[in-house]
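The file target-v1.csv comes next; it holds CSV, C-alpha atoms.
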chain,number,residue,atom,x,y,z
Y,1192,MET,CA,146.4,78.2,121.3
Y,1193,ALA,CA,149.8,79.3,120.1
Y,1194,LYS,CA,148.9,78.4,116.6
Y,1195,ALA,CA,145.8,80.5,116.7
Y,1196,SER,CA,147.6,83.6,118.0
Y,1197,GLN,CA,150.3,83.2,115.4
Y,1198,VAL,CA,147.7,83.1,112.6
Y,1199,VAL,CA,146.1,86.3,114.0
Y,1200,SER,CA,149.5,88.0,114.2
Y,1201,ASN,CA,150.3,86.9,110.7
Y,1202,LEU,CA,147.0,88.2,109.4
Y,1203,ARG,CA,147.5,91.5,111.2
Y,1204,CYS,CA,151.0,91.8,109.6
Y,1205,GLU,CA,149.8,90.9,106.2
Y,1206,THR,CA,146.9,93.5,106.5
Y,1207,ILE,CA,149.2,96.3,107.5
Y,1208,ALA,CA,151.8,95.3,104.9
Y,1209,ASP,CA,149.0,95.3,102.2
Y,1210,ASP,CA,147.9,98.8,103.4
Y,1211,LEU,CA,151.4,100.1,103.3
Y,1212,SER,CA,151.8,98.6,99.8
Y,1213,GLU,CA,148.7,100.2,98.5
Y,1214,ALA,CA,149.8,103.6,100.0
Y,1215,LYS,CA,153.3,103.2,98.6
Y,1216,ASN,CA,153.2,106.6,97.0
Y,1217,GLU,CA,151.9,108.2,100.2
Y,1218,ASP,CA,153.7,108.6,103.5
Y,1219,ALA,CA,152.9,105.9,106.0
Y,1220,SER,CA,151.7,107.2,109.3
Y,1221,LEU,CA,153.9,106.6,112.3
Y,1222,THR,CA,151.0,104.7,113.9
Y,1223,GLU,CA,150.9,102.3,111.0
Y,1224,VAL,CA,154.6,101.7,111.1
Y,1225,LEU,CA,154.4,101.2,114.9
Y,1226,HIS,CA,151.5,98.7,114.4
Y,1227,LEU,CA,153.6,96.8,111.9
Y,1228,ALA,CA,156.6,96.7,114.2
Y,1229,GLN,CA,154.5,95.6,117.1
Y,1230,SER,CA,152.9,92.8,115.1
Y,1231,SER,CA,156.3,91.7,113.8
Y,1232,VAL,CA,157.7,91.6,117.3
Y,1233,GLU,CA,154.7,89.6,118.6
Y,1234,THR,CA,155.0,87.1,115.7
Y,1235,LEU,CA,158.7,86.8,116.1
Y,1236,LYS,CA,158.3,86.3,119.9
Y,1237,GLU,CA,155.8,83.5,119.4
Y,1238,PHE,CA,158.1,81.9,116.8
Y,1239,LEU,CA,161.1,82.1,119.1
Y,1240,SER,CA,159.1,80.8,122.0
Y,1241,ARG,CA,158.0,77.8,119.9
Y,1242,LEU,CA,161.6,77.3,118.7
Y,1243,ASP,CA,162.8,77.4,122.3
Y,1244,THR,CA,160.3,74.7,123.3
Y,1245,ILE,CA,161.3,72.4,120.3
Y,1246,VAL,CA,165.0,72.8,121.0
Y,1247,GLY,CA,164.4,72.3,124.7
Y,1248,ASP,CA,162.4,69.1,124.0
Y,1249,ASP,CA,165.3,67.8,121.8
Y,1250,PHE,CA,167.9,68.5,124.4
Y,1251,HIS,CA,165.7,66.9,127.0
Y,1252,GLN,CA,165.4,63.7,124.8
Y,1253,ILE,CA,169.2,63.7,124.3
Y,1254,MET,CA,169.7,64.0,128.0
Y,1255,GLU,CA,167.3,61.1,128.6
Y,1256,LYS,CA,169.1,59.0,126.0
Y,1257,ILE,CA,172.5,59.7,127.6
Y,1258,SER,CA,171.1,58.9,131.0
Y,1259,GLU,CA,169.6,55.6,129.7
Y,1260,THR,CA,172.9,54.7,128.1
Y,1261,ARG,CA,174.8,55.4,131.2
Y,1262,ASP,CA,172.4,53.2,133.2
Y,1263,ASP,CA,172.8,50.4,130.7
Y,1264,MET,CA,176.6,50.7,130.8
Y,1265,GLN,CA,176.4,50.5,134.6
Y,1266,LEU,CA,174.4,47.3,134.2
Y,1267,LEU,CA,177.4,45.9,132.3
Y,1268,ASN,CA,179.5,46.4,135.4
Y,1269,THR,CA,178.6,43.0,136.8
Y,1270,LYS,CA,180.9,40.6,138.7
Y,1271,GLU,CA,182.5,39.8,135.4
Y,1272,LEU,CA,184.4,43.0,135.7
Y,1273,ASP,CA,186.0,41.9,138.9
Y,1274,VAL,CA,188.7,40.3,136.8
Y,1275,ASP,CA,190.5,41.9,134.0
Y,1276,PRO,CA,189.7,39.4,131.2
Y,1277,LEU,CA,192.5,40.5,128.9
Y,1278,SER,CA,195.1,40.4,131.6
Y,1279,SER,CA,193.9,36.9,132.6
Y,1280,ALA,CA,194.1,35.8,128.9
Y,1281,GLU,CA,197.7,37.1,128.7
Y,1282,ASN,CA,198.6,35.2,131.8
Y,1283,GLU,CA,197.0,32.0,130.4
Y,1284,LEU,CA,199.1,32.3,127.3
Y,1285,LYS,CA,202.3,32.9,129.3
Y,1286,LEU,CA,201.6,29.7,131.3
Y,1287,VAL,CA,200.9,27.8,128.0
Y,1288,VAL,CA,204.3,28.9,126.7
Y,1289,LYS,CA,206.0,27.9,130.0
Y,1290,ALA,CA,204.2,24.5,130.2
Y,1291,THR,CA,205.1,23.7,126.6
Y,1292,GLU,CA,208.7,24.7,127.2
Y,1293,ASP,CA,208.9,22.6,130.4
Y,1294,ALA,CA,207.4,19.5,128.7
Y,1295,THR,CA,209.7,19.8,125.7
Y,1296,ASN,CA,212.7,20.0,128.0
Y,1297,ARG,CA,211.5,17.0,130.0
Y,1298,ILE,CA,210.9,14.9,126.9
Y,1299,MET,CA,214.3,15.9,125.4
Y,1300,GLU,CA,216.2,15.1,128.6
Y,1301,ALA,CA,214.5,11.7,128.8
Y,1302,ALA,CA,215.3,10.9,125.2
Y,1303,GLU,CA,218.9,12.0,125.7
Y,1304,THR,CA,219.2,9.8,128.8
Y,1305,ILE,CA,217.9,6.8,126.7
Y,1306,MET,CA,220.4,7.7,123.9
Y,1307,THR,CA,223.4,7.7,126.2
Y,1308,ALA,CA,222.4,4.6,128.2
Y,1309,ASP,CA,224.9,1.8,128.1
Y,1310,PRO,CA,223.4,-1.3,126.3
Y,1311,GLU,CA,226.3,-3.4,127.5
Y,1312,ASP,CA,224.5,-3.7,130.9
Y,1313,PRO,CA,221.1,-5.1,129.8
Y,1314,ALA,CA,219.4,-4.9,133.2
Y,1315,THR,CA,220.3,-1.3,133.8
Y,1316,TYR,CA,219.6,-0.4,130.2
Y,1317,HIS,CA,216.1,-1.9,130.5
Y,1318,THR,CA,215.4,0.0,133.7
Y,1319,THR,CA,216.7,3.3,132.3
Y,1320,VAL,CA,214.7,3.0,129.1
Y,1321,GLU,CA,211.5,2.0,131.0
Y,1322,SER,CA,211.7,4.9,133.5
Y,1323,ASN,CA,212.5,7.5,130.9
Y,1324,VAL,CA,209.7,6.3,128.6
Y,1325,MET,CA,207.3,6.8,131.6
Y,1326,GLU,CA,208.8,10.2,132.0
Y,1327,ILE,CA,208.0,11.0,128.4
Y,1328,PHE,CA,204.4,9.8,128.9
Y,1329,GLU,CA,204.0,12.0,131.9
Y,1330,ALA,CA,205.5,15.0,130.2
Y,1331,CYS,CA,203.0,14.6,127.3
Y,1332,SER,CA,200.1,15.4,129.7
Y,1333,PHE,CA,201.0,19.1,129.2
Y,1334,GLN,CA,198.7,19.0,126.2
Y,1335,ASP,CA,195.6,18.6,128.3
Y,1336,ILE,CA,196.5,21.5,130.6
Y,1337,THR,CA,197.5,23.8,127.8
Y,1338,GLY,CA,194.4,22.8,125.8
Y,1339,GLN,CA,192.2,23.9,128.7
Y,1340,ARG,CA,194.2,27.2,129.1
Y,1341,ILE,CA,193.8,28.0,125.4
Y,1342,ASN,CA,190.1,27.3,125.7
Y,1343,ARG,CA,189.9,29.8,128.5
Y,1344,VAL,CA,191.6,32.4,126.2
Y,1345,VAL,CA,189.0,31.6,123.5
Y,1346,GLU,CA,186.3,32.1,126.1
Y,1347,THR,CA,187.8,35.5,127.0
Y,1348,LEU,CA,187.7,36.5,123.4
Y,1349,ASP,CA,184.0,35.4,123.3
Y,1350,PHE,CA,183.5,37.5,126.4
Y,1351,VAL,CA,185.1,40.6,124.9
Y,1352,ASP,CA,183.0,40.0,121.7
Y,1353,TYR,CA,179.9,39.8,123.9
Y,1354,ARG,CA,180.7,43.1,125.7
Y,1355,ILE,CA,181.4,45.0,122.5
Y,1356,HIS,CA,178.2,43.6,121.0
Y,1357,LYS,CA,176.2,44.8,124.0
Y,1358,ILE,CA,177.8,48.3,124.0
Y,1359,ALA,CA,177.2,48.6,120.2
Y,1360,LYS,CA,173.6,47.6,120.8
Y,1361,PHE,CA,173.1,50.3,123.4
Y,1362,LEU,CA,174.7,52.9,121.3
Y,1363,GLY,CA,172.6,51.9,118.3
Y,1364,ILE,CA,175.6,51.1,116.1
Y,1365,GLU,CA,175.1,47.4,116.1
Y,1366,ASN,CA,176.2,45.5,113.0
Y,1367,GLU,CA,173.1,43.3,112.2
Y,1368,LYS,CA,175.1,40.6,110.6
Y,1369,GLU,CA,177.6,40.3,113.5
Y,1370,ALA,CA,174.7,40.4,116.0
Y,1371,ARG,CA,173.1,37.4,114.3
Y,1372,ASP,CA,176.3,35.5,114.4
Y,1373,PHE,CA,176.8,36.0,118.2
Y,1374,ASP,CA,174.6,33.7,120.2
Y,1375,GLU,CA,174.2,35.6,123.5
Y,1376,THR,CA,171.9,33.0,125.0
Y,1377,ALA,CA,174.4,30.2,124.4
Y,1378,PHE,CA,177.2,32.4,125.8
Y,1379,LEU,CA,175.2,33.1,129.0
Y,1380,GLU,CA,174.3,29.5,129.3
Y,1381,ARG,CA,177.9,28.5,129.1
Y,1382,LEU,CA,178.8,30.9,131.9
Y,1383,GLN,CA,175.9,29.5,134.0
Y,1384,ARG,CA,177.0,25.9,133.3
Y,1385,LYS,CA,180.5,26.8,134.6
Y,1386,ASP,CA,179.1,28.1,137.8
Y,1387,ASP,CA,176.7,25.2,138.3
Y,1388,LEU,CA,179.3,22.5,137.6
Y,1389,ILE,CA,182.2,24.2,139.3
Y,1390,LEU,CA,184.3,24.4,136.2
Y,1391,HIS,CA,187.4,26.6,136.9
Y,1392,GLY,CA,190.0,24.9,134.8
Y,1393,PRO,CA,193.7,24.7,135.7
Y,1394,GLN,CA,194.9,27.0,138.4
Y,1395,ASP,CA,197.9,29.3,138.3
Y,1396,ASP,CA,201.1,28.5,140.2
Y,1397,GLY,CA,200.5,28.8,143.9
Y,1398,GLU,CA,196.7,28.7,143.6
Y,1399,GLY,CA,194.5,25.8,144.2
Y,1400,VAL,CA,195.2,23.0,146.7
Y,1401,SER,CA,198.2,20.7,146.4
Y,1402,GLN,CA,198.1,17.0,145.9
Y,1403,ASN,CA,199.4,16.6,149.5
Y,1404,ASP,CA,196.5,18.7,150.9
Y,1405,ILE,CA,194.1,16.6,148.9
Y,1406,ASP,CA,195.7,13.4,150.2
Y,1407,ASN,CA,195.1,14.7,153.7
Y,1408,LEU,CA,191.4,15.1,152.9
Y,1409,PHE,CA,191.2,11.5,151.8
I,644,MET,CA,191.6,-6.1,149.2
I,645,ALA,CA,194.2,-7.2,146.6
I,646,ILE,CA,194.2,-5.4,143.3
I,647,ASP,CA,192.9,-7.6,140.4
I,648,LEU,CA,195.1,-6.4,137.5
I,649,SER,CA,192.8,-8.2,135.1
I,650,MET,CA,189.7,-6.1,136.1
I,651,PRO,CA,188.3,-3.8,133.4
I,652,VAL,CA,189.2,-0.2,133.9
I,653,LEU,CA,187.3,2.7,132.3
I,654,VAL,CA,189.3,5.9,131.5
I,655,VAL,CA,187.1,8.9,130.8
I,656,ASP,CA,188.7,12.0,129.3
I,657,ASP,CA,187.9,14.3,126.4
I,658,TYR,CA,191.6,14.6,125.5
I,659,LYS,CA,192.7,11.6,123.4
I,660,THR,CA,196.3,12.3,124.4
I,661,MET,CA,195.4,12.1,128.1
I,662,ILE,CA,193.5,8.8,127.6
I,663,ARG,CA,196.6,7.5,125.8
I,664,ILE,CA,198.9,8.6,128.6
I,665,ILE,CA,196.7,7.0,131.3
I,666,ARG,CA,196.4,3.8,129.3
I,667,ASN,CA,200.1,3.6,129.0
I,668,LEU,CA,200.7,4.3,132.7
I,669,LEU,CA,198.0,1.7,133.6
I,670,LYS,CA,199.7,-0.9,131.3
I,671,GLN,CA,203.0,-0.1,133.0
I,672,LEU,CA,201.3,-0.8,136.3
I,673,GLY,CA,200.2,-4.2,135.0
I,674,PHE,CA,196.5,-3.5,134.0
I,675,SER,CA,195.5,-5.2,130.8
I,676,ASP,CA,191.8,-4.6,130.3
I,677,ILE,CA,191.5,-0.8,129.7
I,678,ASP,CA,188.5,0.8,128.0
I,679,ASP,CA,187.9,4.5,127.4
I,680,ALA,CA,185.1,7.1,126.9
I,681,ALA,CA,185.2,10.7,125.8
I,682,ASP,CA,182.7,12.1,128.3
I,683,GLY,CA,180.3,11.2,131.1
I,684,THR,CA,177.4,10.3,128.8
I,685,GLU,CA,179.5,7.8,126.9
I,686,ALA,CA,181.0,6.5,130.1
I,687,LEU,CA,177.6,6.0,131.7
I,688,ALA,CA,176.3,4.1,128.7
I,689,LYS,CA,179.4,1.8,128.8
I,690,MET,CA,179.0,1.3,132.5
I,691,GLN,CA,175.4,0.2,132.0
I,692,GLN,CA,176.6,-2.4,129.5
I,693,ARG,CA,179.6,-3.7,131.5
I,694,GLN,CA,180.8,-3.9,135.1
I,695,TYR,CA,184.1,-2.0,135.5
I,696,GLY,CA,186.4,-2.6,138.4
I,697,LEU,CA,187.6,1.0,138.4
I,698,VAL,CA,186.7,4.3,136.8
I,699,ILE,CA,189.3,7.0,136.3
I,700,SER,CA,187.6,10.2,135.1
I,701,ASP,CA,188.4,13.8,134.2
I,702,TRP,CA,186.1,16.5,135.5
I,703,ASN,CA,185.8,19.1,132.7
I,704,MET,CA,184.1,17.4,129.8
I,705,GLU,CA,181.1,18.1,127.5
I,706,PRO,CA,178.2,17.4,127.5
I,707,MET,CA,178.4,15.4,130.8
I,708,THR,CA,181.2,16.3,133.2
I,709,GLY,CA,183.1,13.8,135.4
I,710,TYR,CA,181.3,15.4,138.5
I,711,GLU,CA,177.9,14.7,136.9
I,712,LEU,CA,179.0,11.1,136.0
I,713,LEU,CA,180.2,10.6,139.6
I,714,LYS,CA,176.7,11.6,140.9
I,715,GLU,CA,175.0,9.5,138.4
I,716,VAL,CA,177.1,6.5,139.3
I,717,ARG,CA,176.6,7.0,143.0
I,718,SER,CA,172.8,7.3,142.6
I,719,ASP,CA,172.5,4.1,140.5
I,720,GLU,CA,172.2,1.0,142.8
I,721,ASN,CA,173.9,-1.2,140.2
I,722,LEU,CA,176.9,1.1,139.8
I,723,MET,CA,177.2,2.9,143.2
I,724,LYS,CA,180.0,0.7,144.5
I,725,THR,CA,182.3,1.1,141.5
I,726,PRO,CA,185.6,2.7,142.7
I,727,PHE,CA,185.9,6.1,141.2
I,728,ILE,CA,189.1,8.2,140.9
I,729,MET,CA,188.9,11.8,139.7
I,730,VAL,CA,192.0,12.9,137.6
I,731,THR,CA,191.6,16.6,136.9
I,732,ALA,CA,193.2,20.0,136.5
I,733,GLU,CA,190.4,21.3,138.8
I,734,SER,CA,192.3,21.9,142.0
I,735,LYS,CA,190.1,24.4,143.9
I,736,THR,CA,189.1,23.4,147.4
I,737,GLU,CA,185.4,23.6,146.5
I,738,ASN,CA,186.0,21.1,143.7
I,739,VAL,CA,187.7,18.6,145.9
I,740,ILE,CA,185.1,18.9,148.7
I,741,ALA,CA,182.2,18.6,146.2
I,742,ALA,CA,183.8,15.5,144.7
I,743,LYS,CA,184.3,14.0,148.1
I,744,LYS,CA,180.7,14.8,149.1
I,745,ALA,CA,179.5,13.1,145.9
I,746,GLY,CA,181.4,10.0,146.9
I,747,VAL,CA,184.7,10.0,144.9
I,748,ASN,CA,187.3,7.5,146.2
I,749,ASN,CA,190.3,9.5,145.4
I,750,TYR,CA,191.4,12.7,143.7
I,751,ILE,CA,194.5,13.3,141.5
I,752,VAL,CA,195.5,16.8,140.3
I,753,LYS,CA,196.9,17.1,136.8
I,754,PRO,CA,199.7,17.1,135.9
I,755,PHE,CA,200.5,13.9,137.7
I,756,ASN,CA,203.0,11.0,137.5
I,757,ALA,CA,202.9,7.2,137.4
I,758,ALA,CA,203.8,7.0,141.1
I,759,THR,CA,200.9,9.2,142.1
I,760,LEU,CA,198.5,7.2,140.0
I,761,SER,CA,199.8,4.0,141.4
I,762,ALA,CA,199.6,5.3,145.0
I,763,LYS,CA,196.0,6.4,144.6
I,764,ILE,CA,194.9,3.1,143.0
I,765,ASN,CA,196.5,1.3,145.9
I,766,ALA,CA,194.8,3.5,148.4
I,767,VAL,CA,191.4,2.9,146.8
I,768,PHE,CA,191.9,-0.8,147.0
I,769,GLY,CA,193.3,-0.6,150.5
I,770,GLU,CA,196.8,-1.7,149.7
Written as structure tokens, that's how I'd like the structure from this file.
Amino acid sequence: MAKASQVVSNLRCETIADDLSEAKNEDASLTEVLHLAQSSVETLKEFLSRLDTIVGDDFHQIMEKISETRDDMQLLNTKELDVDPLSSAENELKLVVKATEDATNRIMEAAETIMTADPEDPATYHTTVESNVMEIFEACSFQDITGQRINRVVETLDFVDYRIHKIAKFLGIENEKEARDFDETAFLERLQRKDDLILHGPQDDGEGVSQNDIDNLF
Amino acid sequence: MAIDLSMPVLVVDDYKTMIRIIRNLLKQLGFSDIDDAADGTEALAKMQQRQYGLVISDWNMEPMTGYELLKEVRSDENLMKTPFIMVTAESKTENVIAAKKAGVNNYIVKPFNAATLSAKINAVFGE
């Protein structure tokens, strides 16, 4: 409908313009000039009205996209956001450093005790060596705990990678190669497995139950 | 029940260092027949081949965890009576309760010492 009226207006303008062109040596009547002006205004009005609709549609689409992205971002705010992952990772690394330092000190103290033990008294010497060797064995168990803590830091980095990947996907700036490298299904399965099999890993100081509490349960 | 120090003991852990530590502590306590496995699947396969007098298992392992191993052992009529001690860094109440419900005989939180291991073994065998 709009197209038809625009064609009519264009034809009217062209006709008047042709008439004016043919009568270029004659004075154009005021009526002809007014007709031309009126047709021009109508044509321009239709054009602007169409332009307004097109721009309006574009803005509407942009608004919808922003709204969709906002909704998608809200979907990312799951229970995973209850804990600040980077802060947890920082804490894990601090505990790794502390556990390593503690173990090193225990091992060195045990070794120093053996070094300074008096071999002149064989029975005492034997007992000292044996108990301090046991102390060294026990101290070496830090490797298991720190290994689990470092694994949790790696998992946190995986989690951050996953979140960035999802946000990039929503914003349409996804790097296809990186997206292929990241196995989202495997990542989500790992999270589910942890829930199903109650895998929390080592607890921080003061968290979790003590050996005494456990002994009372048994 | 007296502890038979010659009974075969199976240590299950995915950290070779921890297996080595527990082996040495057990040797120190007088045990001589110590076997090991890197996860629940390997442990279960070994248990189906040989009767162990005691299983000492970690919880967090792949592909089969110690918790899954415990449930498998307790549901197998040939293995269900095998004494089972969990030695793990998992120290949340829900872990301890889940393990107890699944039939674990005792539970040690890492890091631990020889005295704790000895006490729990003694408790399992009623000494």
Could you list, as a count of residues only, the residues of chain Y having an atom within 12 Å of chain I when counting all atoms listed in the file?
-> 50
So which residues touch Phe674 (chain I) within 9 Å, counting only C-alpha atoms, skipping near sequence neighbours fewer than 4 positions away, as a PyMOL selection string?
-> chain I and resi 647-652+666+668-670
Pairwise distance for CA of Glu1283 (chain Y) and CA of Arg1343 (chain Y), rounded to one decimal in Å = 7.7 Å
Any idea what the distance is between CA of Asn765 (chain I) and CA of Glu1300 (chain Y)?
-> 29.6 Å
Could you give me, as a ChimeraX atom specification, the residues that sit within 12 Å of (178.5, 8.0, 134.3) in the file's coordinates, counting all atoms listed in the file?
-> /I:653-655,680-692,695,698-702,704,706-719,721-723,725,727
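The interatomic distance for the pair CA of Leu1362 (chain Y) and CA of Met1254 (chain Y) works out to 13.9 Å.
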